[in-house]
Structure formats: C-alpha cells, structure tokens
file data18.csv (CSV, C-alpha atoms)
chain,number,residue,atom,x,y,z
A,1,MET,CA,163.7,49.4,22.0
A,2,GLY,CA,160.1,50.2,21.3
A,3,TRP,CA,156.7,51.3,22.4
A,4,SER,CA,154.8,49.5,25.1
A,5,THR,CA,151.2,49.4,26.3
A,6,MET,CA,151.0,49.8,30.0
A,7,GLU,CA,147.3,49.7,30.7
A,8,CYS,CA,144.4,47.9,29.1
A,9,ASP,CA,143.1,50.9,27.2
A,10,TYR,CA,144.7,50.1,23.8
A,11,ASP,CA,143.5,48.5,20.6
A,12,GLU,CA,144.7,48.0,17.1
A,13,SER,CA,144.2,51.6,16.1
A,14,THR,CA,146.2,52.8,19.1
A,15,ILE,CA,149.1,50.6,18.1
A,16,LEU,CA,149.0,51.7,14.5
A,17,GLU,CA,148.9,55.3,15.6
A,18,ALA,CA,152.0,54.7,17.8
A,19,VAL,CA,153.8,53.1,14.8
A,20,SER,CA,152.9,56.2,12.7
A,21,HIS,CA,154.5,58.4,15.4
A,22,LEU,CA,157.5,56.2,15.7
A,23,LYS,CA,158.1,56.5,12.0
A,24,GLY,CA,157.9,60.3,12.2
A,25,GLU,CA,154.8,60.4,10.0
A,26,LYS,CA,152.8,62.6,12.4
A,27,LYS,CA,153.3,66.3,12.9
A,28,HIS,CA,155.7,67.0,15.8
A,29,SER,CA,157.0,63.5,16.0
A,30,ALA,CA,160.6,62.3,15.5
A,31,ASN,CA,161.5,59.3,13.4
A,32,LEU,CA,162.3,57.1,16.3
A,33,ALA,CA,162.3,54.0,14.1
A,34,ALA,CA,165.4,55.2,12.5
A,35,LEU,CA,167.0,55.3,15.9
A,36,GLY,CA,166.1,51.7,16.6
A,37,TYR,CA,162.7,51.9,18.2
A,38,ARG,CA,161.2,48.9,16.2
A,39,THR,CA,159.3,46.8,18.7
A,40,ILE,CA,155.6,47.1,19.6
A,41,MET,CA,155.1,45.5,23.0
A,42,MET,CA,151.5,44.6,23.8
A,43,GLY,CA,151.0,44.3,27.5
A,44,ASP,CA,148.2,42.5,29.3
A,45,CYS,CA,144.6,42.6,27.9
A,46,TRP,CA,145.3,41.7,24.3
A,47,GLN,CA,143.6,38.3,24.9
A,48,GLN,CA,140.0,37.4,25.5
A,49,GLN,CA,138.7,36.8,29.0
A,50,GLN,CA,138.6,33.0,28.5
A,51,ARG,CA,140.3,30.4,26.3
A,52,SER,CA,138.5,28.6,23.6
A,53,PHE,CA,136.8,25.3,24.3
A,54,ASP,CA,140.0,23.4,23.3
A,55,GLY,CA,142.2,25.5,25.5
A,56,SER,CA,143.6,27.8,22.8
A,57,ILE,CA,144.4,31.4,23.7
A,58,LEU,CA,142.4,33.9,21.7
A,59,PRO,CA,142.9,37.5,20.8
A,60,ASP,CA,140.3,40.0,21.8
A,61,ILE,CA,138.6,40.4,18.4
A,62,ARG,CA,136.7,43.4,19.6
A,63,ARG,CA,139.9,45.3,20.1
A,64,PHE,CA,141.9,43.5,17.4
A,65,PRO,CA,139.5,42.8,14.5
A,66,ALA,CA,142.3,41.3,12.3
A,67,GLY,CA,143.6,39.3,15.2
A,68,VAL,CA,147.2,39.3,16.5
A,69,SER,CA,148.3,37.6,13.2
A,70,GLY,CA,146.8,40.5,11.1
A,71,LEU,CA,148.4,43.1,13.3
A,72,ALA,CA,151.8,41.2,13.1
A,73,GLN,CA,151.5,41.2,9.3
A,74,ARG,CA,150.8,44.9,9.2
A,75,LEU,CA,153.7,45.7,11.4
A,76,HIS,CA,156.1,43.4,9.5
A,77,SER,CA,155.1,45.0,6.2
A,78,SER,CA,155.3,48.5,7.5
A,79,SER,CA,157.4,50.5,5.1
A,80,PRO,CA,160.2,51.6,5.0
A,81,GLU,CA,160.9,50.2,8.5
A,82,SER,CA,159.3,47.0,9.6
A,83,PHE,CA,158.3,46.5,13.2
A,84,ARG,CA,158.5,43.6,15.6
A,85,LEU,CA,155.5,42.5,17.7
A,86,SER,CA,155.8,41.3,21.3
A,87,VAL,CA,152.9,40.0,23.4
A,88,TYR,CA,152.7,39.6,27.2
A,89,THR,CA,151.9,36.4,29.1
A,90,SER,CA,152.2,35.2,32.6
A,91,GLN,CA,153.4,31.9,34.0
A,92,ALA,CA,150.3,32.0,36.2
A,93,SER,CA,146.9,30.7,35.3
A,94,LEU,CA,145.7,34.3,35.1
A,95,THR,CA,147.4,37.6,34.3
A,96,PRO,CA,147.1,40.5,36.6
A,97,SER,CA,144.1,41.7,34.6
A,98,ASN,CA,142.4,38.3,35.0
A,99,ARG,CA,143.0,37.2,31.4
A,100,PRO,CA,144.3,33.7,30.6
A,101,GLY,CA,148.0,33.2,31.5
A,102,SER,CA,150.1,30.5,30.0
A,103,PHE,CA,150.5,28.2,33.0
A,104,ARG,CA,149.8,24.7,31.8
A,105,HIS,CA,149.5,26.0,28.3
A,106,GLU,CA,153.1,27.2,27.7
A,107,TYR,CA,153.8,24.9,24.8
A,108,THR,CA,150.6,25.5,22.8
A,109,ASP,CA,150.6,29.2,23.5
A,110,LEU,CA,154.1,29.6,22.2
A,111,LEU,CA,153.2,27.6,19.1
A,112,THR,CA,150.1,29.8,18.6
A,113,PHE,CA,152.3,32.9,18.9
A,114,CYS,CA,154.6,31.4,16.3
A,115,ASN,CA,151.7,30.8,13.9
A,116,TRP,CA,150.5,34.4,14.5
A,117,GLY,CA,154.0,35.8,13.5
A,118,VAL,CA,154.8,37.2,17.0
A,119,ASP,CA,158.5,38.1,17.3
A,120,ALA,CA,158.8,38.1,21.1
A,121,VAL,CA,157.0,37.1,24.2
A,122,TYR,CA,157.3,39.0,27.5
A,123,VAL,CA,156.8,36.5,30.3
A,124,ASP,CA,155.9,37.7,33.7
A,125,HIS,CA,157.0,35.0,36.2
A,126,SER,CA,154.0,35.3,38.4
A,127,CYS,CA,153.2,32.1,40.0
A,128,ASP,CA,150.0,30.7,41.5
A,129,VAL,CA,152.0,29.5,44.5
A,130,VAL,CA,154.4,32.2,45.8
A,131,ASP,CA,157.1,30.2,47.6
A,132,SER,CA,159.8,27.7,46.9
A,133,LYS,CA,157.3,25.2,45.7
A,134,CYS,CA,156.8,27.4,42.7
A,135,TRP,CA,160.4,27.1,41.3
A,136,PRO,CA,160.1,23.6,39.9
A,137,LEU,CA,156.9,24.5,38.2
A,138,LEU,CA,158.6,27.6,36.7
A,139,ASN,CA,161.6,25.5,35.5
A,140,HIS,CA,159.3,23.1,33.7
A,141,SER,CA,157.4,26.1,32.3
A,142,TRP,CA,160.6,27.7,30.9
A,143,ALA,CA,161.6,24.3,29.3
A,144,LEU,CA,158.2,24.1,27.6
A,145,MET,CA,158.4,27.6,26.3
A,146,HIS,CA,161.9,27.1,25.0
A,147,SER,CA,161.0,23.8,23.3
A,148,ALA,CA,158.1,25.4,21.5
A,149,SER,CA,160.2,28.4,20.5
A,150,GLU,CA,162.8,26.0,19.0
A,151,GLU,CA,160.1,24.0,17.2
A,152,CYS,CA,158.8,27.3,15.7
A,153,VAL,CA,162.3,28.0,14.2
A,154,HIS,CA,162.7,24.4,12.9
A,155,ALA,CA,159.2,24.5,11.3
A,156,GLY,CA,160.3,27.5,9.3
A,157,GLY,CA,158.7,30.1,11.5
A,158,ASN,CA,160.3,33.1,13.0
A,159,LYS,CA,162.5,33.0,16.0
A,160,ILE,CA,160.5,34.1,19.0
A,161,ASP,CA,162.5,35.9,21.7
A,162,ILE,CA,161.3,35.1,25.2
A,163,VAL,CA,161.9,37.9,27.5
A,164,VAL,CA,161.9,37.1,31.2
A,165,ASN,CA,160.4,39.5,33.7
A,166,GLY,CA,161.6,38.3,37.1
A,167,CYS,CA,164.4,37.2,39.3
A,168,GLY,CA,165.1,34.2,41.4
A,169,PRO,CA,166.6,30.8,41.6
A,170,HIS,CA,164.0,29.4,39.2
A,171,LEU,CA,166.0,30.7,36.3
A,172,GLY,CA,168.6,28.0,36.7
A,173,GLY,CA,172.3,28.1,37.3
A,174,GLY,CA,171.8,30.3,40.3
A,175,MET,CA,171.0,33.2,38.0
A,176,HIS,CA,169.2,36.1,39.7
A,177,ASP,CA,169.4,38.7,37.0
A,178,CYS,CA,166.3,40.3,35.5
A,179,GLY,CA,165.5,41.0,31.9
A,180,GLN,CA,167.2,37.9,30.6
A,181,THR,CA,166.0,35.9,27.6
A,182,VAL,CA,165.3,32.2,27.8
A,183,ALA,CA,168.1,31.5,25.5
A,184,GLN,CA,170.4,32.9,28.1
A,185,VAL,CA,168.9,31.0,31.0
A,186,SER,CA,168.2,27.6,29.4

call {"tool": "encode", "arguments": {"input": "data18.csv", "output": "structure tokens"}}
result
Amino acid sequence: MGWSTMECDYDESTILEAVSHLKGEKKHSANLAALGYRTIMMGDCWQQQQRSFDGSILPDIRRFPAGVSGLAQRLHSSSPESFRLSVYTSQASLTPSNRPGSFRHEYTDLLTFCNWGVDAVYVDHSCDVVDSKCWPLLNHSWALMHSASEECVHAGGNKIDIVVNGCGPHLGGGMHDCGQTVAQVS
C-alpha cells in the first residue's frame, strides 16, 4: 500500500511532502506508514521527454534535481520507517504522456532502475500494435524485464518487483488476471 501520483503535476518536493504526511509528521495527518503504507508510486512523467544519445532513460532533472537515485536514497533512509519507490513505465515506445516507454529498452531500463535503487516497476502493457500481433512482442518484453530483474538481484542489487497493469493471453499460461507480478506470470 502506498501513495501514488496520478497526474503529471508532481515533483520531488510533492513526494517528500506526501512521505511526511504518511509518517504522521504533519498536523492533522495519521501515521499511515505504521499501518503499512510504505510505497511511493511515481506515475508517468518522472522521465525526460527523450532518451539520452545512447538510448538510456533519464529522469526529469528539473522536477527531480537529485535524480531518481537521490530520491530513492532519501526514501530508503527515511526514519523511523523507510519507504519503497516504484516507477511507471509502458511496454509501448511512448507512455500516455508521450514520454519514453520501455519498448525495445526493457532490459537496459530495468538495469537502470536497479542502479537507481528503485524497488518496483509498474508496467502498463500498452502496445504500439493493439491486436493479437502484439502478444508475442509483450511475451518477449516480459522475459527481458524478468531477466534484468534477476540480474539485479544476482549483482547484489535490490529485488525489483514488476507489477503488471493489464490482462490478456500475453501473460502466459492462459492467465487473464490483472495486478500480477512478473514472478507470478513468468
């Protein structure tokens, strides 16, 4: 359970303010962290409008001056309760807000998230081709994400939970359930 950004009108200070409220540090706020609200889920728009020249995904430094890694460090060291950080990505070339999605960059994006200290990735299964031709691409995409997540753990990094937003036969095994993790569908 946690706090989620739903629009593109948030930045680092908005997230840290939310953490302060979750911890009950603000007047008229309950200590929701003590009740298990420990994840900050950054929706679309945390990334720059374009990838770097080498194809790497980049955080929007205007909105996150310390980058995603700096924010993750602050959330992980938050006392007395530490918080988890989740970022959004899409399996399409672009997210709904026309930011870079992870399609054809799944493996390198997940390793980047690992290096930043991200704890979870919320994956929207949007596809550039919306029909049955899309499913094999998505299966390959899931495999790349899962492989990078496993490599992160083996390299001594944190375990990245991959949360699936979507339903359909592309999840493998005939699974049509939503809100599953890649570990459950791979």

call {"tool": "closest_residue", "arguments": {"input": "data18.csv", "among": "A:Leu111, A:Val87, A:Leu75, A:Val164", "to": "Ser147 (chain A)", "atoms": "all atoms listed in the file"}}
result
A:Leu111

call {"tool": "closest_residue", "arguments": {"input": "data18.csv", "among": "A:Ala155, A:Phe53, A:Leu85, A:Cys8", "to": "Gln73 (chain A)", "atoms": "all atoms listed in the file"}}
result
A:Leu85

call {"tool": "atom_distance", "arguments": {"input": "data18.csv", "atom1": "CA of Ile40 (chain A)", "atom2": "CA of Asp119 (chain A)"}}
result
9.7 Å

call {"tool": "atom_distance", "arguments": {"input": "data18.csv", "atom1": "CA of Ala66 (chain A)", "atom2": "CA of Ala18 (chain A)"}}
result
17.4 Å

call {"tool": "closest_residue", "arguments": {"input": "data18.csv", "among": "A:Tyr10, A:Pro100, A:Leu35, A:Ser20", "to": "Gln48 (chain A)", "atoms": "all atoms listed in the file"}}
result
A:Pro100

call {"tool": "residues_around", "arguments": {"input": "data18.csv", "residues": "region 88-93 of chain A", "least_positions_apart": "6", "cutoff": "9 Å", "atoms": "only C-alpha atoms", "output": "list of chain:residue names"}}
result
A:Met41, A:Met42, A:Gly43, A:Asp44, A:Cys45, A:Trp46, A:Arg99, A:Pro100, A:Gly101, A:Ser102, A:Phe103, A:Arg104, A:His105, A:Glu106, A:Ala120, A:Val121, A:Tyr122, A:Val123, A:Asp124, A:His125, A:Ser126, A:Cys127, A:Asp128, A:Val129, A:Leu138, A:Ser141, A:Trp142

call {"tool": "atom_distance", "arguments": {"input": "data18.csv", "atom1": "CA of Arg38 (chain A)", "atom2": "CA of Phe64 (chain A)"}}
result
20.1 Å

call {"tool": "decode", "arguments": {"input": "data18.csv", "residues": "region 47-60 of chain A", "atoms": "C-alpha atoms", "output": "compact mmCIF listing (two decimals), in the first residue's frame"}}
result
# COMPACT_ATOMS: atom_id res chain seq x y z
CA GLN A 47 11.27 10.88 -17.05
CA GLN A 48 12.56 13.40 -19.56
CA GLN A 49 10.78 13.85 -22.89
CA GLN A 50 13.54 11.97 -24.75
CA ARG A 51 16.16 9.34 -24.04
CA SER A 52 19.88 10.16 -23.98
CA PHE A 53 22.00 9.83 -27.11
CA ASP A 54 22.87 6.23 -26.11
CA GLY A 55 19.22 5.29 -25.51
CA SER A 56 19.26 5.47 -21.70
CA ILE A 57 16.16 6.63 -19.91
CA LEU A 58 16.70 9.84 -17.96
CA PRO A 59 14.87 11.38 -15.02
CA ASP A 60 13.42 14.85 -15.40
